[in-house]
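Shown next, in structure tokens, is the structure this report addresses.
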Amino acid sequence: MLDRKYVVENAEAVKSNCLQRGASADIDRIVALELQRRAKLAEAEEWNRQANAVSAQIGKVPAQEREEFKEKGRLLRAHKEQSQKDHDALDREIDSLLSRVPNMTHPSAPIGNDDHANLEIARGTTPIPTFDFKPKDHLELGAIHDMIDFEAGARVAGAGFYFLKRDAVLLDLALQQFSLSLLIRKGFVPITTPDVASTDILHGIGFIPRGPETQIYSIENTELNLVATAEITLGGMYHNQVLEAEELPLKLVGISHCFRTEAGAAGRASRGLYRVHQFTKVEMFAFTTPDQSSSVHEEIRAIECEIFDALEIPYRVVDTATGDLGGPAYRKYDLEAWMPGRGNGGEWGEVTSTSNCTDYQARRLNIRYRVKGEKGTHYAHTLNGTAVAISRALIALMENHQLADGSIKIPKVLVPWVGKDRIG
RNA sequence: GGAUGGGUGGCAGAGCGGUUUAAUGCACCGGUCUUGAAAACCGGAGUAGUCGUAAGGCUACCGGGGGUUCGAAUCCCUCCCCAUCCGCCA
């Protein structure tokens with residue numbers, strides 16, 4: 001959420017930002033309502049002040065005059081209640097309008113309506129493989145080695161769920177172990193998080209759990225929801241907390257299951273593991289001061305590259321265009337891995353994403369930091385980035401490392417965890 | 001899940017309907033004293049919103065929400081959390 005004061009004072013900049021991001025938001029109305037709200041607040045406070053003054057006198061006033069003062073107090077409180085009610089109504093309306101206004105945008109982010117405007121800015125060290133045979137997709141490879149069981153997943157939980165079996169399980173755990181230990185070496189604090197979170201935490205991060213197009217599974221008769229990413233729980237971890245500036249940047253690496261309804265995604269290219277309702281993800285998260293966030297964002301991006309280079313998977317890095325940033329991101333980089341089994345002869349498919357959300361999430365979550373010796377507090381900046389999303393990493397890994405006989409080469413860095421250098 | 005006791009400023013801890021602008025102690029910052037330090041003494045200090053060029057006002061905040069009252073940290077309801085005990089259980 002943006003700062004109201006900022007919106008009032010920079011209405012034109014906010015408007016043009018909304019335009020670039022394809023967000024329809026009535027900024028003029030927000031500004032007008034906010035000005036009304038402030039006036040109502042001043043009014044309510046003034047009634048309250050007068051009422052307080054009357055109440056303070058009652059104890060000292062002679063008994064026969066008390067009734068008169070009480071009546072005066074009642075009247076003032078009634079005025080205060082009315083002003084307060086008006087104020088609260090304005091406040092709620094502003095809040096609901098403001099929650100649909102996206103974050104401001106990094107000046108270097110490419111401008112455009114959707115992912116076609118995304119800008120490729122780098123490639124990984126592993127070249128796109130050339131096969132002297134017809135490469136199989138991960139579904140065929142999975143079937144050969146009995147690694148993924150979609151039919152059983154459907155029987156148990158419906159389409160979009162699956163069982164990992166045999167070597168896929170070893171790969172799953174190997175990817176987690178490898179990425180986690182790499183991040184621990186880089187100073188990230190390892191964390192396993194709840195797989196559910198309350199609705200207000202989801203709102204704070206920028207998810208809308210109960211809308212018609214929600215991506216979120218909610219638990220009936222509770223305020224709990226299955227998390228779509230550990231970003232939700234890691235960000236929520238410090239809800240309403242004040243951090244010390246000297247402990248920033250605070251870098252976390254969390255492991256969680258991720259649940260997504262994928263409502264409205266039917267029909268999109270989604271064979272196999274690419275778009276599923278549940279997967280496991282190793283996620284980076286950072287709390288920083290405002291002047292640290294850009295460099296930490298670059299650091300997270302570099303770590304994502306390091307991981308996929310180490311996995312010997314070809315990828316490109318994309319600077320996400322304004323129209324494709326979503327609500328909270330100020331800037332976003334995606335890693336798109338080469339997936340030989342996608343489309344006709346291979347396609348890029350998103351495997352990681354890292355966002356600098358500046359203070360957009362921290363404002364609603366009320367996560368602040370304090371500088372020693374200075375008065376007051378400031379909102380922290382939050383960043384998130386995928387280390388490894390297991391399902392998509394598996395696709396890229398299996399399809400890129402396949403050999404003519406259908407066997408799959410295990411990248412060197414995973415061999416210690418898998419216990420062998422080849423599947424099949 | 002049941003029973004009981006609790007949630008007050010950075011921490012400890014009083015207050016249980018109106019001089020509370022939340023006592024007091026510790027920790028913290030500044031000052032006096034001292035060659036320096038300690039001790040002692042004096043003073044200061046929370047968060048947020050809002051008004052004001054400023055100095056400085058004002059309002060809210062004693063786990064969250066609601067209620068009673070002219071007035072609530074204090075009384076009532078409700079939810080959450082913590083502690084201890086019991087039950088159950090990976």
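Chain labels follow the order of the structure tokens: the first chain is A, the next B, and so on; residue numbering restarts at 1 in every chain, and ligands are counted from 1 in their shown order.
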Inset, instruction - Would you give me, as number ranges by chain, the residues of chain A that come within 12 Å of chain B, using only C-alpha atoms (C1' of nucleotides)? - result: A: 5, 37-61, 66-78, 80, 240-242, 366, 368, 370, 372-378
Write out, as a compact mmCIF listing (two decimals), in the first residue's frame, the residues just selected, with N, CA and C atoms.
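Saved as part-v8.txt:
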```
# COMPACT_ATOMS: atom_id res chain seq x y z
N LYS A 5 -0.22 10.22 2.38
CA LYS A 5 0.35 11.56 2.25
C LYS A 5 1.09 11.68 0.92
N ARG A 37 -11.25 13.30 4.96
CA ARG A 37 -11.00 12.48 6.15
C ARG A 37 -10.21 13.27 7.20
N ARG A 38 -9.20 13.97 6.73
CA ARG A 38 -8.38 14.75 7.67
C ARG A 38 -9.21 15.82 8.36
N ALA A 39 -10.10 16.45 7.59
CA ALA A 39 -10.95 17.49 8.18
C ALA A 39 -11.85 16.88 9.24
N LYS A 40 -12.43 15.70 8.93
CA LYS A 40 -13.31 15.02 9.89
C LYS A 40 -12.54 14.61 11.14
N LEU A 41 -11.30 14.19 10.93
CA LEU A 41 -10.48 13.78 12.06
C LEU A 41 -10.23 14.96 12.99
N ALA A 42 -9.90 16.10 12.40
CA ALA A 42 -9.65 17.30 13.19
C ALA A 42 -10.90 17.67 13.98
N GLU A 43 -12.04 17.54 13.32
CA GLU A 43 -13.32 17.86 13.94
C GLU A 43 -13.58 16.93 15.14
N ALA A 44 -13.40 15.64 14.91
CA ALA A 44 -13.65 14.65 15.97
C ALA A 44 -12.72 14.91 17.15
N GLU A 45 -11.47 15.24 16.84
CA GLU A 45 -10.50 15.48 17.91
C GLU A 45 -10.86 16.71 18.72
N GLU A 46 -11.39 17.70 18.04
CA GLU A 46 -11.77 18.93 18.73
C GLU A 46 -12.96 18.69 19.68
N TRP A 47 -13.98 17.96 19.21
CA TRP A 47 -15.11 17.59 20.09
C TRP A 47 -14.58 16.80 21.28
N ASN A 48 -13.70 15.89 20.99
CA ASN A 48 -13.16 15.03 22.04
C ASN A 48 -12.39 15.84 23.09
N ARG A 49 -11.64 16.81 22.59
CA ARG A 49 -10.87 17.65 23.50
C ARG A 49 -11.80 18.41 24.46
N GLN A 50 -12.86 18.98 23.88
CA GLN A 50 -13.82 19.72 24.70
C GLN A 50 -14.51 18.81 25.71
N ALA A 51 -14.87 17.60 25.25
CA ALA A 51 -15.54 16.66 26.14
C ALA A 51 -14.61 16.26 27.29
N ASN A 52 -13.36 16.03 26.96
CA ASN A 52 -12.38 15.68 27.99
C ASN A 52 -12.27 16.79 29.03
N ALA A 53 -12.29 18.03 28.55
CA ALA A 53 -12.17 19.17 29.46
C ALA A 53 -13.35 19.21 30.43
N VAL A 54 -14.55 18.94 29.92
CA VAL A 54 -15.74 18.92 30.77
C VAL A 54 -15.63 17.79 31.80
N SER A 55 -15.26 16.62 31.34
CA SER A 55 -15.15 15.47 32.24
C SER A 55 -14.17 15.74 33.36
N ALA A 56 -13.09 16.44 33.04
CA ALA A 56 -12.06 16.71 34.04
C ALA A 56 -12.58 17.63 35.14
N GLN A 57 -13.56 18.45 34.81
CA GLN A 57 -14.09 19.39 35.80
C GLN A 57 -15.09 18.74 36.75
N ILE A 58 -15.79 17.71 36.28
CA ILE A 58 -16.93 17.16 37.01
C ILE A 58 -16.57 16.76 38.44
N GLY A 59 -15.42 16.14 38.61
CA GLY A 59 -15.02 15.69 39.93
C GLY A 59 -14.88 16.84 40.93
N LYS A 60 -14.58 18.03 40.43
CA LYS A 60 -14.28 19.15 41.32
C LYS A 60 -15.47 20.09 41.55
N VAL A 61 -16.47 19.91 40.71
CA VAL A 61 -17.58 20.85 40.71
C VAL A 61 -18.57 20.50 41.84
N ARG A 66 -23.44 19.09 38.98
CA ARG A 66 -22.94 17.95 38.21
C ARG A 66 -23.82 17.58 37.03
N GLU A 67 -25.15 17.53 37.28
CA GLU A 67 -26.06 17.11 36.21
C GLU A 67 -25.91 17.97 34.97
N GLU A 68 -25.78 19.25 35.22
CA GLU A 68 -25.61 20.20 34.12
C GLU A 68 -24.36 19.86 33.30
N PHE A 69 -23.27 19.56 34.01
CA PHE A 69 -22.02 19.23 33.32
C PHE A 69 -22.10 17.89 32.59
N LYS A 70 -22.78 16.95 33.24
CA LYS A 70 -22.93 15.64 32.60
C LYS A 70 -23.66 15.78 31.27
N GLU A 71 -24.71 16.61 31.31
CA GLU A 71 -25.49 16.80 30.08
C GLU A 71 -24.61 17.42 28.99
N LYS A 72 -23.82 18.38 29.38
CA LYS A 72 -22.91 19.03 28.44
C LYS A 72 -21.93 18.00 27.86
N GLY A 73 -21.41 17.14 28.73
CA GLY A 73 -20.48 16.09 28.30
C GLY A 73 -21.13 15.13 27.33
N ARG A 74 -22.37 14.73 27.65
CA ARG A 74 -23.10 13.81 26.76
C ARG A 74 -23.23 14.40 25.37
N LEU A 75 -23.58 15.68 25.32
CA LEU A 75 -23.78 16.36 24.03
C LEU A 75 -22.49 16.37 23.23
N LEU A 76 -21.39 16.73 23.89
CA LEU A 76 -20.10 16.80 23.20
C LEU A 76 -19.67 15.42 22.70
N ARG A 77 -19.90 14.40 23.54
CA ARG A 77 -19.53 13.03 23.12
C ARG A 77 -20.36 12.61 21.91
N ALA A 78 -21.62 13.01 21.89
CA ALA A 78 -22.46 12.65 20.75
C ALA A 78 -21.93 13.28 19.47
N LYS A 80 -18.88 14.11 18.93
CA LYS A 80 -17.63 13.41 18.64
C LYS A 80 -17.91 12.08 17.93
N ASN A 240 3.93 -6.00 12.63
CA ASN A 240 3.84 -5.15 13.83
C ASN A 240 5.14 -5.07 14.65
N GLN A 241 6.27 -5.40 14.04
CA GLN A 241 7.52 -5.36 14.79
C GLN A 241 8.38 -4.17 14.36
N VAL A 242 9.22 -3.75 15.29
CA VAL A 242 10.18 -2.69 14.98
C VAL A 242 11.57 -3.30 15.04
N ASN A 366 2.97 -3.16 8.79
CA ASN A 366 3.51 -2.37 9.89
C ASN A 366 4.84 -2.95 10.39
N ARG A 368 8.62 -1.89 10.79
CA ARG A 368 9.43 -0.67 10.78
C ARG A 368 10.83 -0.96 11.32
N ARG A 370 14.23 1.13 13.43
CA ARG A 370 14.61 2.27 14.23
C ARG A 370 16.11 2.44 14.09
N LYS A 372 19.40 3.76 15.88
CA LYS A 372 19.87 4.08 17.22
C LYS A 372 20.22 5.57 17.32
N GLY A 373 19.70 6.22 18.35
CA GLY A 373 20.02 7.63 18.55
C GLY A 373 19.13 8.59 17.79
N GLU A 374 18.26 8.04 16.89
CA GLU A 374 17.34 8.92 16.17
C GLU A 374 15.93 8.73 16.69
N LYS A 375 15.14 9.79 16.61
CA LYS A 375 13.76 9.70 17.03
C LYS A 375 12.91 9.07 15.92
N GLY A 376 11.86 8.38 16.30
CA GLY A 376 10.90 7.87 15.33
C GLY A 376 11.36 6.58 14.66
N THR A 377 10.52 6.10 13.76
CA THR A 377 10.80 4.85 13.05
C THR A 377 10.50 5.06 11.57
N HIS A 378 10.99 4.12 10.76
CA HIS A 378 10.72 4.17 9.32
C HIS A 378 10.25 2.80 8.86
```
All residues 12 Å or closer to C80 in chain B, only C-alpha atoms (C1' of nucleotides), same chain fewer than 6 positions away omitted, as a compact mmCIF listing (two decimals) with all heavy atoms, in the first residue's frame:
```txt
# COMPACT_ATOMS: atom_id res chain seq x y z
P G B 7 -1.83 -8.97 34.43
OP1 G B 7 -1.33 -7.89 35.29
OP2 G B 7 -3.14 -8.82 33.75
O5' G B 7 -0.74 -9.32 33.33
C5' G B 7 -0.20 -8.30 32.51
C4' G B 7 0.16 -8.88 31.16
O4' G B 7 -0.66 -10.00 30.83
C3' G B 7 0.02 -7.84 30.05
O3' G B 7 1.25 -7.70 29.36
C2' G B 7 -1.08 -8.37 29.15
O2' G B 7 -0.75 -8.25 27.79
C1' G B 7 -1.15 -9.86 29.51
N9 G B 7 -2.52 -10.38 29.46
C8 G B 7 -3.36 -10.59 30.52
N7 G B 7 -4.51 -11.09 30.17
C5 G B 7 -4.43 -11.25 28.81
C6 G B 7 -5.36 -11.77 27.88
O6 G B 7 -6.48 -12.20 28.09
N1 G B 7 -4.87 -11.74 26.57
C2 G B 7 -3.64 -11.28 26.23
N2 G B 7 -3.34 -11.33 24.92
N3 G B 7 -2.75 -10.80 27.07
C4 G B 7 -3.20 -10.82 28.34
P G B 63 -3.21 -4.29 28.05
OP1 G B 63 -4.64 -4.08 28.32
OP2 G B 63 -2.40 -5.20 28.87
O5' G B 63 -3.08 -4.71 26.51
C5' G B 63 -1.80 -4.86 25.92
C4' G B 63 -1.93 -5.70 24.68
O4' G B 63 -2.04 -7.10 25.07
C3' G B 63 -3.18 -5.42 23.87
O3' G B 63 -3.01 -4.33 23.00
C2' G B 63 -3.35 -6.74 23.12
O2' G B 63 -2.41 -6.86 22.07
C1' G B 63 -2.97 -7.74 24.21
N9 G B 63 -4.13 -8.14 25.01
C8 G B 63 -4.31 -7.96 26.36
N7 G B 63 -5.46 -8.42 26.80
C5 G B 63 -6.07 -8.94 25.66
C6 G B 63 -7.34 -9.58 25.51
O6 G B 63 -8.18 -9.82 26.36
N1 G B 63 -7.56 -9.97 24.19
C2 G B 63 -6.69 -9.74 23.16
N2 G B 63 -7.09 -10.18 21.96
N3 G B 63 -5.51 -9.14 23.27
C4 G B 63 -5.27 -8.77 24.55
P G B 64 -4.26 -3.41 22.65
OP1 G B 64 -3.75 -2.25 21.91
OP2 G B 64 -5.07 -3.20 23.87
O5' G B 64 -5.11 -4.33 21.65
C5' G B 64 -4.63 -4.57 20.33
C4' G B 64 -5.68 -5.29 19.53
O4' G B 64 -5.93 -6.61 20.10
C3' G B 64 -7.06 -4.66 19.53
O3' G B 64 -7.15 -3.57 18.63
C2' G B 64 -7.92 -5.83 19.07
O2' G B 64 -7.77 -6.09 17.70
C1' G B 64 -7.28 -6.97 19.87
N9 G B 64 -7.95 -7.15 21.16
C8 G B 64 -7.50 -6.78 22.40
N7 G B 64 -8.35 -7.08 23.35
C5 G B 64 -9.42 -7.67 22.70
C6 G B 64 -10.63 -8.20 23.21
O6 G B 64 -11.02 -8.25 24.38
N1 G B 64 -11.44 -8.70 22.19
C2 G B 64 -11.12 -8.68 20.87
N2 G B 64 -12.03 -9.20 20.03
N3 G B 64 -9.99 -8.20 20.38
C4 G B 64 -9.19 -7.71 21.34
P G B 65 -8.19 -2.40 18.94
OP1 G B 65 -8.02 -1.43 17.85
OP2 G B 65 -8.03 -1.97 20.35
O5' G B 65 -9.62 -3.11 18.80
C5' G B 65 -10.12 -3.45 17.52
C4' G B 65 -11.42 -4.20 17.66
O4' G B 65 -11.23 -5.37 18.49
C3' G B 65 -12.55 -3.45 18.36
O3' G B 65 -13.18 -2.52 17.52
C2' G B 65 -13.47 -4.60 18.75
O2' G B 65 -14.18 -5.10 17.64
C1' G B 65 -12.43 -5.64 19.21
N9 G B 65 -12.18 -5.49 20.65
C8 G B 65 -11.10 -4.89 21.26
N7 G B 65 -11.19 -4.91 22.57
C5 G B 65 -12.40 -5.55 22.83
C6 G B 65 -13.04 -5.85 24.06
O6 G B 65 -12.64 -5.61 25.21
N1 G B 65 -14.25 -6.50 23.87
C2 G B 65 -14.79 -6.81 22.65
N2 G B 65 -15.98 -7.42 22.66
N3 G B 65 -14.21 -6.53 21.49
C4 G B 65 -13.02 -5.91 21.66
```
Inset, instruction - Pick out the residues sitting within 8 Å of Leu97 in chain A, and hand them over as a PyMOL selection string; count only C-alpha atoms (C1' of nucleotides), and ignore anything fewer than 3 positions along from it in its own chain. - result: chain A and resi 25-26+30+93-94+100-101
Legend entry - Residue contacts of Met284 in chain A (7 Å, only C-alpha atoms (C1' of nucleotides)) excluding same-chain residues fewer than 5 positions away, as a PyMOL selection string: chain A and resi 252-254+384-387
Write out the residues from the selection above, keeping N, CA and C atoms, as a PDB file, in the first residue's frame.
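Generated output (out10.pdb):
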```
ATOM      1  N   LEU A 252      16.465 -13.999   5.128  1.00  0.00           N
ATOM      2  CA  LEU A 252      15.898 -15.277   5.528  1.00  0.00           C
ATOM      3  C   LEU A 252      15.797 -16.199   4.315  1.00  0.00           C
ATOM      4  N   VAL A 253      15.923 -17.493   4.567  1.00  0.00           N
ATOM      5  CA  VAL A 253      15.589 -18.449   3.508  1.00  0.00           C
ATOM      6  C   VAL A 253      14.610 -19.448   4.103  1.00  0.00           C
ATOM      7  N   GLY A 254      13.425 -19.494   3.521  1.00  0.00           N
ATOM      8  CA  GLY A 254      12.350 -20.319   4.069  1.00  0.00           C
ATOM      9  C   GLY A 254      11.997 -21.453   3.120  1.00  0.00           C
ATOM     10  N   ASN A 384      11.773 -10.305  -1.988  1.00  0.00           N
ATOM     11  CA  ASN A 384      11.639 -11.745  -2.007  1.00  0.00           C
ATOM     12  C   ASN A 384      12.223 -12.285  -3.298  1.00  0.00           C
ATOM     13  N   GLY A 385      12.602 -13.555  -3.272  1.00  0.00           N
ATOM     14  CA  GLY A 385      13.131 -14.161  -4.487  1.00  0.00           C
ATOM     15  C   GLY A 385      13.123 -15.672  -4.362  1.00  0.00           C
ATOM     16  N   THR A 386      12.805 -16.329  -5.451  1.00  0.00           N
ATOM     17  CA  THR A 386      12.803 -17.781  -5.449  1.00  0.00           C
ATOM     18  C   THR A 386      14.231 -18.290  -5.471  1.00  0.00           C
ATOM     19  N   ALA A 387      14.550 -19.209  -4.566  1.00  0.00           N
ATOM     20  CA  ALA A 387      15.808 -19.941  -4.730  1.00  0.00           C
ATOM     21  C   ALA A 387      15.524 -21.109  -5.670  1.00  0.00           C
TER      22      ALA A 387
END
```
Inset, instruction - Determine, counting only C-alpha atoms (C1' of nucleotides), which protein, DNA and RNA residues have an atom within 12 Å of an atom of A14 in chain B; residues of the same chain fewer than 5 positions away are not included. Present the result as a list of chain:residue names. - result: B:U8, B:U20, B:A22, B:A23, B:U24, B:G25, B:A73
Inset, instruction - Figure out the distance between CA of Glu304 in chain A and CA of Ile128 in chain A, please, to one decimal in Å. - result: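 So the two atoms, CA of Ile128 in chain A and CA of Glu304 in chain A, lie 17.9 Å apart.
Of note, CA of Lys136 in chain A and CA of Glu312 in chain A are spaced 18.1 Å apart.
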Inset, instruction - Can you pull out every residue within 10 Å of Val14 in chain A, counting only C-alpha atoms (C1' of nucleotides), but drop anything in the same chain fewer than 3 positions away, and send it as a list of chain:residue names? - result: A:Leu2, A:Tyr6, A:Val7, A:Val8, A:Glu9, A:Asn10, A:Ala11, A:Asn17, A:Cys18, A:Leu19, A:Gln20, A:Ala25, A:Ile27, A:Val101, A:Pro102, A:Asn103, A:Met104, A:Thr105
Legend entry - Among the residues A:Met237, A:Ala122, A:Leu273, A:Ile208, the one that comes closest to Phe161 in chain A [using only C-alpha atoms]: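 Between A:Met237, A:Ala122, A:Leu273, A:Ile208, the residue approaching Phe161 in chain A most closely is A:Leu273.
Here CA of Arg260 in chain A and CA of His277 in chain A stand 4.8 Å from one another.
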Legend entry - Which of range 10-221 of chain A fall in strand (DSSP E), as a PyMOL selection string: chain A and resi 119-123+148-149+163-164+189-192+196-198
File dump, residues just selected, C-alpha atoms, as a CSV table (one decimal), in the first residue's frame:
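Generated file (result15.csv):
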```
chain,number,residue,atom,x,y,z
A,119,LEU,CA,13.4,-7.2,-21.4
A,120,GLU,CA,16.0,-9.9,-21.6
A,121,ILE,CA,19.1,-8.6,-19.8
A,122,ALA,CA,21.3,-11.6,-19.3
A,123,ARG,CA,21.9,-15.3,-20.1
A,148,ILE,CA,5.9,-38.7,-11.1
A,149,ASP,CA,2.4,-40.1,-10.7
A,163,PHE,CA,3.0,-37.9,-6.3
A,164,LEU,CA,6.8,-37.7,-6.6
A,189,VAL,CA,18.8,-17.6,8.2
A,190,PRO,CA,17.2,-21.0,7.4
A,191,ILE,CA,13.5,-21.2,8.4
A,192,THR,CA,10.7,-23.6,7.9
A,196,VAL,CA,-1.1,-21.5,6.5
A,197,ALA,CA,-1.5,-17.8,7.3
A,198,SER,CA,-4.3,-15.6,8.4
```
Legend entry - Nearest-residue call for C16 in chain B, choices B:C82, B:C89, B:G36, B:U74, using only C-alpha atoms (C1' of nucleotides): B:U74
Could you give me the residues within range 67-205 of chain A that DSSP places in alpha helix (DSSP H), as a compact mmCIF listing (two decimals) with C-alpha atoms, in the first residue's frame?
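See out-v9.txt below for the written result:
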```txt
# COMPACT_ATOMS: atom_id res chain seq x y z
CA GLU A 67 -26.06 17.11 36.21
CA GLU A 68 -25.61 20.20 34.12
CA PHE A 69 -22.02 19.23 33.32
CA LYS A 70 -22.93 15.64 32.60
CA GLU A 71 -25.49 16.80 30.08
CA LYS A 72 -22.91 19.03 28.44
CA GLY A 73 -20.48 16.09 28.30
CA ARG A 74 -23.10 13.81 26.76
CA LEU A 75 -23.78 16.36 24.03
CA LEU A 76 -20.10 16.80 23.20
CA ARG A 77 -19.53 13.03 23.12
CA ALA A 78 -22.46 12.65 20.75
CA HIS A 79 -20.93 15.20 18.39
CA LYS A 80 -17.63 13.41 18.64
CA GLU A 81 -19.24 10.04 17.82
CA GLN A 82 -20.87 11.44 14.72
CA SER A 83 -17.64 13.00 13.41
CA GLN A 84 -15.80 9.81 14.24
CA LYS A 85 -18.33 7.69 12.34
CA ASP A 86 -18.01 9.92 9.29
CA HIS A 87 -14.25 9.73 9.55
CA ASP A 88 -14.24 5.94 9.85
CA ALA A 89 -16.46 5.54 6.80
CA LEU A 90 -14.09 7.72 4.76
CA ASP A 91 -11.14 5.82 6.14
CA ARG A 92 -12.53 2.47 5.05
CA GLU A 93 -13.36 3.73 1.59
CA ILE A 94 -9.89 5.19 1.11
CA ASP A 95 -8.36 1.95 2.30
CA SER A 96 -10.26 -0.17 -0.16
CA LEU A 97 -9.44 2.19 -3.04
CA LEU A 98 -5.81 2.46 -2.03
CA HIS A 138 9.49 -34.40 -18.42
CA LEU A 139 6.25 -36.41 -18.57
CA GLU A 140 7.81 -39.06 -20.79
CA LEU A 141 11.01 -39.06 -18.79
CA GLY A 142 9.04 -39.26 -15.57
CA ALA A 143 7.11 -42.23 -16.90
CA ILE A 144 10.27 -44.06 -18.00
CA HIS A 145 11.78 -43.82 -14.53
CA PHE A 150 -0.30 -37.68 -11.86
CA GLU A 151 -3.04 -40.31 -12.03
CA ALA A 152 -2.63 -41.15 -8.36
CA GLY A 153 -2.53 -37.44 -7.55
CA ALA A 154 -5.84 -36.97 -9.34
CA ARG A 155 -7.39 -39.94 -7.53
CA VAL A 156 -6.38 -38.55 -4.16
CA ALA A 157 -6.77 -34.79 -4.56
CA ASP A 167 14.52 -40.57 -7.85
CA ALA A 168 12.21 -37.55 -8.08
CA VAL A 169 12.04 -37.58 -4.29
CA LEU A 170 15.82 -37.67 -4.08
CA LEU A 171 16.02 -34.79 -6.54
CA ASP A 172 13.39 -32.85 -4.60
CA LEU A 173 15.34 -33.14 -1.36
CA ALA A 174 18.67 -32.61 -3.12
CA LEU A 175 17.47 -29.33 -4.61
CA GLN A 176 16.32 -28.19 -1.19
CA GLN A 177 19.55 -29.25 0.52
CA PHE A 178 21.75 -27.75 -2.13
CA SER A 179 20.01 -24.38 -2.29
CA LEU A 180 19.54 -24.14 1.45
CA SER A 181 23.17 -24.84 2.26
CA LEU A 182 24.32 -22.37 -0.38
CA LEU A 183 22.12 -19.66 1.13
CA ILE A 184 23.19 -20.42 4.67
CA ARG A 185 26.78 -19.84 3.54
CA THR A 199 -6.19 -13.40 5.97
CA ASP A 200 -4.78 -10.08 7.18
CA ILE A 201 -1.23 -11.31 6.67
CA LEU A 202 -2.13 -12.26 3.10
CA HIS A 203 -3.59 -8.80 2.57
CA GLY A 204 -0.43 -7.24 3.92
CA ILE A 205 1.71 -9.12 1.44
```
Legend entry - Within 6 Å of range 388-405 of chain A using only C-alpha atoms (C1' of nucleotides), minus same-chain residues under 5 positions, as an NGL selection string: :A and (137-138 or 273-274 or 280-282 or 339-340 or 351)
Using the selection just defined, write its residues with all heavy atoms as a short mmCIF file (atom, residue, chain, number, x, y, z; two decimals), in the first residue's frame.
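Written file, result-v9.cif:
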```
data_model
loop_
_atom_site.label_atom_id
_atom_site.label_comp_id
_atom_site.auth_asym_id
_atom_site.auth_seq_id
_atom_site.Cartn_x
_atom_site.Cartn_y
_atom_site.Cartn_z
N ASP A 137 9.83 -34.88 -23.23
CA ASP A 137 9.46 -33.92 -22.18
C ASP A 137 9.48 -34.62 -20.82
O ASP A 137 9.65 -35.83 -20.73
CB ASP A 137 8.13 -33.23 -22.48
CG ASP A 137 6.93 -34.17 -22.39
OD1 ASP A 137 7.05 -35.26 -21.79
OD2 ASP A 137 5.87 -33.81 -22.92
N HIS A 138 9.30 -33.82 -19.75
CA HIS A 138 9.49 -34.40 -18.42
C HIS A 138 8.43 -35.45 -18.10
O HIS A 138 8.63 -36.31 -17.23
CB HIS A 138 9.51 -33.30 -17.35
CG HIS A 138 8.20 -32.61 -17.13
ND1 HIS A 138 7.70 -31.66 -17.99
CD2 HIS A 138 7.25 -32.75 -16.16
CE1 HIS A 138 6.53 -31.23 -17.55
NE2 HIS A 138 6.23 -31.88 -16.44
N LEU A 273 4.15 -30.85 -14.73
CA LEU A 273 4.48 -30.17 -13.48
C LEU A 273 4.46 -28.66 -13.57
O LEU A 273 4.68 -27.97 -12.59
CB LEU A 273 5.89 -30.60 -13.02
CG LEU A 273 6.07 -31.97 -12.37
CD1 LEU A 273 7.55 -32.22 -12.11
CD2 LEU A 273 5.28 -32.03 -11.06
N TYR A 274 4.24 -28.10 -14.80
CA TYR A 274 4.47 -26.67 -14.95
C TYR A 274 3.51 -25.84 -14.11
O TYR A 274 3.91 -24.88 -13.46
CB TYR A 274 4.35 -26.25 -16.42
CG TYR A 274 4.90 -24.86 -16.64
CD1 TYR A 274 6.28 -24.63 -16.70
CD2 TYR A 274 4.06 -23.76 -16.75
CE1 TYR A 274 6.80 -23.37 -16.87
CE2 TYR A 274 4.56 -22.48 -16.92
CZ TYR A 274 5.93 -22.30 -16.98
OH TYR A 274 6.45 -21.04 -17.14
N THR A 280 6.75 -27.47 -3.61
CA THR A 280 7.60 -27.05 -2.51
C THR A 280 8.56 -25.99 -3.03
O THR A 280 9.03 -26.10 -4.16
CB THR A 280 8.38 -28.25 -1.95
OG1 THR A 280 7.43 -29.23 -1.52
CG2 THR A 280 9.26 -27.85 -0.77
N LYS A 281 8.82 -24.99 -2.22
CA LYS A 281 9.67 -23.91 -2.70
C LYS A 281 10.64 -23.47 -1.60
O LYS A 281 10.27 -23.34 -0.44
CB LYS A 281 8.81 -22.73 -3.16
CG LYS A 281 9.60 -21.58 -3.76
CD LYS A 281 8.77 -20.78 -4.78
CE LYS A 281 7.56 -20.12 -4.18
NZ LYS A 281 7.88 -18.85 -3.51
N VAL A 282 11.87 -23.22 -2.02
CA VAL A 282 12.87 -22.58 -1.15
C VAL A 282 12.89 -21.11 -1.55
O VAL A 282 13.15 -20.79 -2.71
CB VAL A 282 14.26 -23.22 -1.33
CG1 VAL A 282 15.28 -22.55 -0.41
CG2 VAL A 282 14.19 -24.72 -1.08
N MET A 339 13.29 -24.98 -21.45
CA MET A 339 12.60 -26.25 -21.21
C MET A 339 12.40 -26.92 -22.56
O MET A 339 11.45 -26.59 -23.30
CB MET A 339 11.26 -25.99 -20.51
CG MET A 339 11.44 -25.35 -19.13
SD MET A 339 9.88 -25.11 -18.26
CE MET A 339 10.49 -24.47 -16.69
N PRO A 340 13.29 -27.88 -22.89
CA PRO A 340 13.28 -28.49 -24.23
C PRO A 340 11.96 -29.18 -24.56
O PRO A 340 11.62 -29.31 -25.74
CB PRO A 340 14.41 -29.52 -24.15
CG PRO A 340 15.31 -29.00 -23.07
CD PRO A 340 14.41 -28.35 -22.07
N VAL A 351 11.19 -19.87 -13.90
CA VAL A 351 11.56 -20.74 -12.78
C VAL A 351 11.80 -19.98 -11.47
O VAL A 351 11.69 -20.54 -10.39
CB VAL A 351 12.79 -21.62 -13.07
CG1 VAL A 351 12.40 -22.76 -14.01
CG2 VAL A 351 13.94 -20.81 -13.63
#
```
